[in-house]
Structure formats: C-alpha cells, structure tokens
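In what follows, a single structure is set out as structure tokens and then discussed.
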Amino acid sequence: ADNYDSQNLEATTVTINTKSGHINFRLLKQDLDNATSADNFFKGGDLNSKNTIWNSRMTNTNGRILEEHSNETDYNVLAPDTLTYYPENCLHRSDTIDIILTNLKITPDSISVLQELDSDHNQLLCEWEVDLEHQTNWRKPQTSSTNWIRYKLDLQEALPRNIHINTGQDIEAAIDLFTTTLQESYKLNITTSQKQHEFKIDYPELSYFLALKREARRDWQRLRTPNERIRYNRLKAIVIRTLIQIRKKQF
C-alpha cells in the first residue's frame with residue numbers, strides 16, 4: 001500500500017464576503033443560447049428567475065431576461081401552481097423559483113410539487129399524456145399591448161416633413177419609407193407576454209378541489225403526519241384527474 005505523509009497535508013478554503021450573504025448572478029444570453037441549443041430539450045432547475053407569468057410572487061431582472069429569450073427562441077417556461085421554495089429564514093417569503101425549460105411540442109398535463117424530501121427546495125414531478133394522432137398548438141397563447149401615445153410621438157419625430165416627388169420612382173420610394181416607418185415604430189411600442197389560461201374561472205369544481213389541496217398541503221407541511229400526507233396525495237390525484245378531463249374536453 002502507498003504511504004502518505006499525513007503530517008504535511010494542507011487544506012485550503014476560499015471565502016467570499018458579501019453584504020447580503022449570497023451572490024446574485026445575471027443570466028447571460030450566451031448561457032441561455034447554449035442551454036437551449038439542442039433540437040429537443042427538457043431541463044429544469046433553480047435559475048433564480050422570478051416571473052409572475054410562471055407563478056412567481058414577483059418579477060426580477062433574470063425573470064424578464066428569461067421571458068424575452070423564451071419568446072425569441074420559441075420554447076416554454078413551465079412551473080407548478082404551488083410554491084417550490086421554502087426558505088429556512090422565516091423573514092424570507094416562499095416563492096416559485098424551480099422551473100422547467102423545454103421546446104418539446106408537448107406540455108405537461110400536471111406539474112406536482114413533491115413534499116417528501118426535507119429540503120428548502122421541493123422536487124417537481126412532471127407527468128403528461130401524448131396523443132400521437134392529435135396535433136395541438138403547444139405554444140402558450142400570447143397577449144399584446146401597444147403604447148399608442150408613444151407610437152404617435154415616434155411617428156411625429158420619424159416621418160419626414162417635406163418630400164419632393166417628381167417621378168414615379170419617387171412615389172414608390174416615399175410609399176416604402178412611409179410603410180417601413182409605420183412598421184418599425186409599431187414594433188418598438190408593442191409589448192407581448194404569455195397569457196395564462198385560468199381554468200378555475202370556467203370550472204368551479206376544479207377551484208374547489210384546488211382549495212382543498214392547498215389546505216391539505218399546508219396541513220402536511222405543518223404536521224407531517226401519515227394521515228395528512230395520505231389526504232394531500234389523494235386530493236392531488238383528484239386535481240390531476242380533473243385537469244386531464246378538462247383538457248380532453250377542450251381538444
């Protein structure tokens with residue numbers, strides 16, 4: 001056997017002092033491009049990207065960056081309807097920061113938060129059904145809004161005041177300039193975001209089961225008894241079955 005000189009071993013650590021106790025990082029477009037460059041991908045994790053579109057409590061800078069990148073490169077950001085992060089510090093609020101990125105032309109029928117592990121980050125369970133004969137629009141619907149006041153001001157500044165037209169070519173050039181100016185100004189003043197479909201409004205039965213499931217989840221997290229866990233799992237299964245039935249009726 002090899003003999004090692006344990007008396008001369010040296011352990012080295014690196015400590016970084018921060019005012020807040022943690023390091024904030026900014027999502028880079030290059031990193032997102034590399035993470036989503038595959039033909040098919042299904043990736044999940046904590047990207048410290050909060051956005052109300054995927055059920056976070058608030059929207060931060062990384063959340064806006066990820067939203068813009070997902071819209072530009074056509075992939076979905078998926079998240080459960082319940083919280084995934086429960087900080088140990090009672091002064092910090094729980095939130096949804098564990099998300100899934102995918103460009104697959106299927107969306108999970110249900111994303112469940114698993115409570116079995118004792119961790120500040122709960123695991124996500126993704127389940128979906130695939131219908132090979134039915135083609136559906138996998139992209140989430142989007143809603144757009146236009147700042148018409150700003151659009152009007154931009155046109156007043158961009159459109160030329162005096163155009164000298166002497167030939168037919170001058171007319172065509174003026175029309176092209178006018179059309180291009182209208183289109184570019186409109187693009188600069190339109191905001192597009194993903195629209196969340198609210199099933200609870202149209203299906204009161206689902207809303208009732210969701211309320212029971214949230215109550216059971218709180219009881220399970222507080223008491224941690226086998227009976228509360230069984231009750232929570234039963235209600236979670238009922239919600240999943242109800243959602244599947246609703247989606248089947250819609251399509």
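Ordering of the structure tokens sets the chain letters (A, B, ...), residue numbers begin anew at 1 in every chain, and ligands are numbered from 1 in the order given.
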
### Task
Excluding segment 33-46 of chain A and any residue of its chain fewer than 2 positions from it, enumerate the residues within 9 Å of it, using only C-alpha atoms, and give them as a list in words.
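My list of contacting residues is Leu28, Lys29, Gln30, Asp31, Asn48, Ser49, His69, Thr73, Tyr75, Leu78, Ile97, Asp98, Ile99, Ile100, Leu101, Thr102, Asn103, Leu104, His121 and Leu124 of chain A.
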
Quick one: pick out all strand (DSSP E) residues within segment 45-194 of chain A from a backbone DSSP run and write them as a PDB file with C-alpha atoms, in the first residue's frame.
ATOM      1  CA  GLY A  45     -33.680  23.787 -12.070  1.00  0.00           C
ATOM      2  CA  ASP A  46     -33.417  26.926  -9.968  1.00  0.00           C
ATOM      3  CA  ASN A  76     -41.722  27.223 -22.962  1.00  0.00           C
ATOM      4  CA  VAL A  77     -41.018  28.044 -19.338  1.00  0.00           C
ATOM      5  CA  LEU A  78     -43.162  25.764 -17.171  1.00  0.00           C
ATOM      6  CA  ASP A  98     -37.807  25.982  -9.643  1.00  0.00           C
ATOM      7  CA  ILE A  99     -38.866  25.898 -13.288  1.00  0.00           C
ATOM      8  CA  ILE A 100     -38.627  23.819 -16.460  1.00  0.00           C
ATOM      9  CA  LEU A 101     -37.381  24.879 -19.894  1.00  0.00           C
ATOM     10  CA  THR A 102     -38.485  22.836 -22.898  1.00  0.00           C
ATOM     11  CA  SER A 110     -49.587  18.295 -14.483  1.00  0.00           C
ATOM     12  CA  ILE A 111     -46.531  19.517 -12.618  1.00  0.00           C
ATOM     13  CA  SER A 112     -46.674  18.448  -8.987  1.00  0.00           C
ATOM     14  CA  VAL A 113     -44.513  19.606  -6.110  1.00  0.00           C
ATOM     15  CA  LEU A 114     -43.220  16.690  -4.027  1.00  0.00           C
ATOM     16  CA  GLN A 123     -38.783  18.486  -6.178  1.00  0.00           C
ATOM     17  CA  LEU A 124     -41.016  18.716  -9.246  1.00  0.00           C
ATOM     18  CA  LEU A 125     -42.835  15.734 -10.737  1.00  0.00           C
ATOM     19  CA  CYS A 126     -43.840  16.178 -14.394  1.00  0.00           C
ATOM     20  CA  GLU A 127     -46.499  13.951 -15.914  1.00  0.00           C
ATOM     21  CA  GLN A 142     -49.808  35.427 -26.119  1.00  0.00           C
ATOM     22  CA  THR A 143     -51.349  38.801 -25.448  1.00  0.00           C
ATOM     23  CA  SER A 144     -50.084  42.080 -26.901  1.00  0.00           C
ATOM     24  CA  SER A 145     -50.489  45.694 -25.848  1.00  0.00           C
ATOM     25  CA  THR A 146     -49.474  48.843 -27.715  1.00  0.00           C
ATOM     26  CA  ILE A 190     -45.718  46.820 -28.671  1.00  0.00           C
ATOM     27  CA  THR A 191     -45.315  44.565 -25.633  1.00  0.00           C
ATOM     28  CA  THR A 192     -46.016  40.824 -25.877  1.00  0.00           C
ATOM     29  CA  SER A 193     -46.380  38.435 -22.954  1.00  0.00           C
ATOM     30  CA  GLN A 194     -47.634  34.903 -22.465  1.00  0.00           C
TER      31      GLN A 194
END

### Message
So that I can check the surroundings of segment 185-188 of chain A, please list as JSON, numbers by chain every protein, DNA and RNA residue that reaches within 8 Å of it, counting only C-alpha atoms and ignoring chain neighbours fewer than 2 positions away.
### Response
{"A": [146, 151, 154, 155, 181, 182, 183, 190]}

### Task
Enter the distance from atom CA of Ile230 of chain A to atom CA of Arg214 of chain A, in Å, rounded to one decimal.
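Atom CA of Arg214 of chain A lies at a distance of 13.8 Å from atom CA of Ile230 of chain A.
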
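For the set A:Asn166, A:Leu27, A:Asn62, A:Lys50, the residue with the smallest atom-to-atom gap to Asp95 of chain A is A:Lys50, counting only C-alpha atoms.
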
### Message
What's around segment 204-212 of chain A at 12 Å? Count only C-alpha atoms, leave out sequence neighbours fewer than 2 positions away in its own chain, and write the answer as a list of chain:residue names.
### Response
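Neighbouring residues, sequence-local ones excluded: A:Asp81, A:Thr82, A:Glu198, A:Phe199, A:Lys200, A:Ile201, A:Asp202, A:Arg214, A:Glu215, A:Ala216, A:Arg217, A:Arg218, A:Asp219, A:Arg231, A:Tyr232, A:Asn233, A:Arg234, A:Leu235, A:Lys236, A:Ala237, A:Ile238, A:Val239, A:Ile240, A:Arg241, A:Thr242, A:Leu243, A:Ile244, A:Gln245, A:Ile246.
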
### Query
Which residue out of A:Leu32, A:Glu184, A:Asn51, A:Gln156 has the minimum interatomic distance to Ala79 of chain A when only C-alpha atoms are used?
A:Asn51
